[in-house]
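Structure record follows, encoded as structure tokens.
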Protein chains: 2
Amino acid sequence: MVDIRLIPIAEFQRINQSALDKYTRMELIADMQRANTLAEVKRAGSGHLGSSFSSLDIVTWLYYQEMNTIPEGLKSPDRDIYFSSKGHDVPGLYAVLFSLGVLPEEKFIRLRRLGGTYGHPVVTTPGLEANSGSLGMGISKGKGMAFAKKLKGCKGRVFVMTGDGELEEGQIYEALQTAVNQGITNLNVMVDHNKVQSDKPVKEISDLGDLEAKFKAFGWYVARCNGHDFKQLDAVLQNFKMIGDRPKIVICDTIKGRGVSFMEHPLALKLGNGLYKWHSGAPDDASFDVGYAEIMDRINTRLASLGLAPITSNLVPPVPAHASSTSKEFVAEAFGQTLVELGAQRKDLVVLDADLSSDCRLRGFEAAYPERFIEDGIAEQDMVSMAGGLALQGLLPVVNTFASFLASRPNEQIYTNGSELTRIIYACHYAGLIPAGPGQSHQSLRDISLFGALPNFEIMQPCNALESRQVLEYCVNQSKNNCVIRLIIGPSPREIQLPEGYQLTFGRGAVLTEGKDAVIFGYGPVMLNEALVASELLAEKGFGLNVIDMPWLNRVDLEWLKESVAGYQSIFVVEDHAPVGGLGDCLLNGLNDLQMLNRRRLVKLAVEGYPACGTPWEVLQAHGLDGVSLARRISGLG
Amino acid sequence: MVDIRLIPIAEFQRINQSALDKYTRMELIADMQRANTLAEVKRAGSGHLGSSFSSLDIVTWLYYQEMNTIPEGLKSPDRDIYFSSKGHDVPGLYAVLFSLGVLPEEKFIRLRRLGGTYGHPVVTTPGLEANSGSLGMGISKGKGMAFAKKLKGCKGRVFVMTGDGELEEGQIYEALQTAVNQGITNLNVMVDHNKVQSDKPVKEISDLGDLEAKFKAFGWYVARCNGHDFKQLDAVLQNFKMIGDRPKIVICDTIKGRGVSFMEHPLALKLGNGLYKWHSGAPDDASFDVGYAEIMDRINTRLASLGLAPITSNLVPPVPAHASSTSKEFVAEAFGQTLVELGAQRKDLVVLDADLSSDCRLRGFEAAYPERFIEDGIAEQDMVSMAGGLALQGLLPVVNTFASFLASRPNEQIYTNGSELTRIIYACHYAGLIPAGPGQSHQSLRDISLFGALPNFEIMQPCNALESRQVLEYCVNQSKNNCVIRLIIGPSPREIQLPEGYQLTFGRGAVLTEGKDAVIFGYGPVMLNEALVASELLAEKGFGLNVIDMPWLNRVDLEWLKESVAGYQSIFVVEDHAPVGGLGDCLLNGLNDLQMLNRRRLVKLAVEGYPACGTPWEVLQAHGLDGVSLARRISGLG
């Protein structure tokens with residue numbers, strides 16, 4: 001790892017207290033925030049640079065010049081409030097809060113680590129005002145805060161940052177309309193209009209059309225400015241203070257990746273062959289060095305020209321890493337490849353995406369069958385109901401996005417589709433606890449429970465590439481029901497070995513390791529790996545743990561279940577899901593139906609509470625779900 | 001019951017085949033549809049007249065003049081497709097489909113009855129193209145149908161009706177944007193702009209502002225016309241055929257209740273002291289007679305002036321009624337009254353509504369504390385996130401709407417609020433299977449499961465007025481968590497008698513009847529009434545059924561549970577919820593933890609599959625959940 005340096009608070013104070021005019025000071029300070037943000041993300045190994053950089057000038061201006069938040073105090077009911085609706089720009093906000101002494105250095109340098117800061121905002125972090133990360137909720141939430149201020153007779157305004165991609169979410173328009181009707185006037189929305197979504201231009205994913213006309217049609221006071229021009233920002237915000245009868249919104253034209261030349265749109269898009277690669281993820285060492293040097297050179301050259309000393313910075317201690325095991329297998333990749341193959345056989349197969357085509361491994365299908373690939377943008381409800389219409393017309397839609405977003409936000413639309421007795425496949429990518437860096441908005445621990453009470457839905461999770469292929473083939477060619485496929489997004493910690501000649505069988509799983517002392521059911525590459533680690537550790541102590549891959553999460557063949565548990569008194573289920581509504585409940589019901597709970601107890605080893613944020617190892621351990629903890633818990637109870 | 005008469009198909013054919021010009025024919029036929037719709041709803045005892053009447057001219061024109069659906073055939077892939085997104089105007093559509101011979105008379109006269117037609121559209125009904133009733137999904141679904149037609153190379157256009165109130169739903173704007181970006185051109189949207197929501201003017205609930213400007217800003221081709229003027233409708237639709245590059249929308253200015261003078265807006269609003277009373281529910285006998293005579297007189301006067309014979313009609317057989325037991329108690333009323341009382345004590349209590357204030361019994365709070373009552377319109381996601389903002393600022397929001405809409409559509413927003421560790425009370429009105437007339441979109445069988453995996457949420461359902469009061473007091477003044485209160489919307493079938501001096505106790509229920517042979521846990525006035533009926537029937541046969549009211553749906557005191565089941569081998573749980581994720585699973589987990597399932601089995605008596613539509617008695621019986629069925633099932637298994 002390269003050296004990582006942080007510009008200390010004192011340097012921010014030096015520049016801020018210098019005799020320079022406020023615009024020059026803010027330009028310098030915003031660039032210093034960029035340097036610290038880049039260092040922070042590099043040290044974390046992941047994080048959202050593109051949006052942090054496009055929004056940082058605005059955030060810097062708000063905290064340093066516009067808002068009373070810091071002098072008034074973060075606990076004052078009269079403070080101005082800022083938060084970002086998109087949330088993934090939070091590394092930049094952390095940098096600002098660090099520079100102001102709100103966020104302690106030991107937290108700041110521990111982005112996406114247990115005990116540090118979350119990958120998306122969480123209110124338990126000093127200075128943060130709202131949880132976000134799932135898109136489109138911010139204006140509504142800001143409206144609540146603004147309403148509360150008025151009701152309580154408190155001073156202070158509310159500032160909400162939104163992205164531009166998230167303007168594809170319908171909730172935005174609910175909030176725009178109700179804010180006007182409810183007479184909310186102490187609310188200011190800043191649109192970070194950087195024109196690039198996760199990896200493609202907004203215009204390519206879902207063109208926003210005439211944004212100003214939209215906001216005006218909804219009755220808001222609308223301004224527009226260059227979001228990197230502090231004089232323009234200042235003028236807009238001064239003007240906003242004069243507008244007392246309406247909520248206010250400013251479209252800030254910004255540049256994604258602003259401040260590091262090769263991360264800036266549109267150059268970055270050219271360098272990436274049409275894909276923007278700095279939305280999330282940390283730069284490699286070389287890119288980091290070049291980018292960091294570029295920022296620091298610019299700051300120091302400017303300081304020199306202004307007759308000020310260059311910026312000093314401190315070396316940050318290296319990251320104490322715990323290597324997590326990993327393989328070259330990606331179950332989502334097997335899903336994507338199989339989708340392409342099935343697309344050749346089945347002309348009725350249609351694939352829908354909500355701006356996560358790369359992450360969901362849909363690019364292959366998109367390239368092979370562009371006429372059957374529907375990019376719907378960040379509009380999950382629309383995507384799901386559109387799939388309903390496709391299915392009613394005899395097509396077989398495969399709906400894709402992250403599990404957190406697919407299982408919950410369009411849940412009522414999924415129910416309505418289900419009630420039409422058509423067939424749709426819902427692919428819930430990024431299911432489960434891991435990766436845990438992005439934090440609570442992205443970790444999906446409730447998806448099984450959110451589909452579970454739908455009568456004609458079968459929920460599955462494959463444990464390896466082979467099973468992913470078989471699961472998708474089953475869903476497309478065999479099932480008579482709606483199907484939910486739960487997929488992890490990262491690499492498999494190990495390639496799980498299924499029995500030779502393994503064939504997915506309805507309601508049945510497969511034994512991965514024999515063992516006479518206890519049996520554990522699990523699913524997916526992450527948790528089965530931990531179960532296998534536990535089994536290996538327990539075997540050393542002479543405790544035999546029978547590990548069973550159970551890819552069916554809400555269907556179980558009772559005959560098979562009976563045989564599987566027959567020799568055991570201790571039955572465990574390990575889940576990267578909440579203890580309520582997951583596989584554990586399905587098996588418990590099966591055992592109850594079998595009347596097999598005489599002197600037997602089923603124990604769920606699942607994710608209690610809201611999920612922790614950190615590396616896989618940190619978070620699995622924090623929840624007692626890593627192999628070592630599982631071995632301890634199982635031998636204690638077994 | 002008054003006599004109910006139906007205009008037969010032959011009469012529609014006579015008028016349609018007359019030599020009159022098409023506009024005159026359609027005016028007559030549309031009015032004849034109104035007569036049949038009024039008869040249909042009166043016979044059902046409930047149904048949505050106001051919207052049926054405002055939309056009927058449009059629907060009549062589409063089916064009789066514009067669309068190829070009937071001549072092409074309902075199974076033809078090249079047919080034009082019509083459906084209503086709002087769905088509650090379906091009684092009018094049924095009348096049109098009946099008049100065209102699509103919907104058999106025996107189904108048509110059985111609105112909201114088992115084996116008849118649903119209160120909101122369901123595709124298993126002849127002629128229906130989509131399930132709807134939950135608002136805002138239609139344009140998205142129509143977009144899917146239109147896309148499928150293009151992909152398959154099929155002819156035919158898609159026509160979607162929307163209400164105006166439902167334009168408050170954000171999904172509408174997702175669909176408007178993506179339809180343009182996806183190049184959907186064979187889609188026509190008709191807005192039935194009748195200016196009245198459930199019982200108040202749209203302008204009072206959530207003003208839509210400049211609708212034309214909104215639709216234009218989203219890139220649609222926009223027209224506007226009088227939705228009761230067939231010449232204007234014709235001209236708009238002819239023009240739409242010329243527009244090949246965009247989706248098209250027409251704002252049809254209509255009159256809610258059109259065709260019956262005292263149901264027409266604005267007169268009806270004046271007669272109702274500011275509330276529109278004909279949105280749902282059937283007219284009393286006198287109103288029916290006056291309204292029906294008004295329509296028939298108008299038709300026959302017109303026919304006479306045109307030299308045609310008056311309309312003949314046939315008497316419809318009277319409704320074979322099965323009286324359901326009912327009391328004067330409404331648990332929601334007790335909830336509403338307690339809310340007012342608590343509002344006096346707690347100045348931090350804020351109440352949010354999504355256009356169902358009357359149904360949710362919020363009018364009292366609204367009148368007493370208008371500054372703390374937030375009308376958010378039909379925008380559940382915005383309402384929930386706004387509540388999140390209020391809670392972050394130290395207020396205690398009580399969020400209200402029907403359970404179907406509150407548990408599912410803003411589920412991700414609820415999760416985000418929950419993760420902020422604030423406190424919010426979610427009041428899920430109209431929970432459960434009954435009333436079953438409105439159909440699947442309104443029957444809430446999944447709400448417990450949708451909240452169940454949220455770690456800091458307590459879910460409760462009171463069984464009578466006293467318990468409703470105690471539950472709400474607990475939620476407001478004692479709980480440290482988020483709270484979900486499940487409430488039935490209708491009158492209690494009986495006033496459940498709780499033990500003298502009953503006081504709600506965390507995780508514990510109360511014995512309603514002693515019995516030594518089996519124990520059954522239930523909740524809410526509807527299912528506990530059926531359990532008590534079963535207990536009474538079984539007692540006659542010497543079988544003692546211990547009925548326990550268990551108001552805690554996801555929390556159980558294990559000591560209490562142990563005592564409660566100690567003497568029994570057969571443990572039943574009766575639920576107006578799906579068998580997955582309800583109280584049954586909570587108790588099963590408790591019994592497993594207690595290792596109390598030795599030679600004991602828990603049996604769930606819950607709602608299997610999608611819910612049936614009909615009277616309470618019909619539907620409880622269809623699901624085997626009426627007292628008689630419960631007694632049979634329990635004695636068979638007990």
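Going by the structure tokens order, chains are called A, B, ..., each with residues numbered from 1, while ligands are numbered from 1 in the order shown.
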
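Every residue of segment 172-311 of chain B with a DSSP assignment of strand (DSSP E or B), taken from the backbone, is listed as Leu187, Asn188, Val189, Met190, Val191, Asp192, His193, Val196, Pro201, Tyr221, Val222, Ala223, Arg224, Cys225, Asn226, Lys248, Ile249, Val250, Ile251, Cys252 and Asp253 of chain B.
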
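Distances here use only C-alpha atoms; by that measure, the residue among A:Leu187, A:Val351, A:Leu308, A:Leu395 closest to chain B is A:Leu395.
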
> Can you tell me, as a PyMOL selection string, what residues are no more than 12 Å from segment 328-337 of chain A when counting only C-alpha atoms, ignoring any on the same chain fewer than 5 positions away?
Replying inline: chain A and resi 342-344+351+357-368+398+400-402+427-431+461-473+475-476+485-496+524-526

> Of the candidates B:Lys150, B:Leu38, B:Lys143, B:Ile4, which one gets nearest to Arg372 of chain A if we count only C-alpha atoms?
Replying inline: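 Looking at the shortest contact to Arg372 of chain A, the residue is B:Lys150.
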
> Val260 of chain B: which residues within 7 Å, counting only C-alpha atoms, same-chain residues fewer than 6 positions away excluded, as a list of chain:residue names?
Replying inline: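 These residues fall inside the cut-off: B:Gly291, B:Glu294, B:Ile295.
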
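In terms of minimum interatomic distance to Gly515 of chain B, B:Tyr568 ranks closest within B:Tyr568, B:Cys483, B:Glu129, B:Asp576, counting only C-alpha atoms.
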
>> Rounded to one decimal, what separation in Å do you get between atom CA of Leu271 of chain B and atom CA of Lys200 of chain B?
In response: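 Taking atom CA of Leu271 of chain B as the start and atom CA of Lys200 of chain B as the end point, the length is 12.7 Å.
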
> Can you list, as a list of chain:residue names, every residue of segment 147-202 of chain A that DSSP puts in helix (DSSP H, G or I)?
Replying inline: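 DSSP-assigned helix (DSSP H, G or I) residues in segment 147-202 of chain A: A:Phe147, A:Ala148, A:Lys149, A:Lys150, A:Leu151, A:Lys152, A:Gly165, A:Glu166, A:Leu167, A:Glu168, A:Gln171, A:Ile172, A:Tyr173, A:Glu174, A:Ala175, A:Leu176, A:Gln177, A:Thr178, A:Ala179, A:Val180, A:Asn181, A:Val202.
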
>> Considering only C-alpha atoms, can you say which of B:Glu40, B:Glu420, B:Asp355, B:Glu412 comes closest to Pro121 of chain A?
In response: B:Glu420
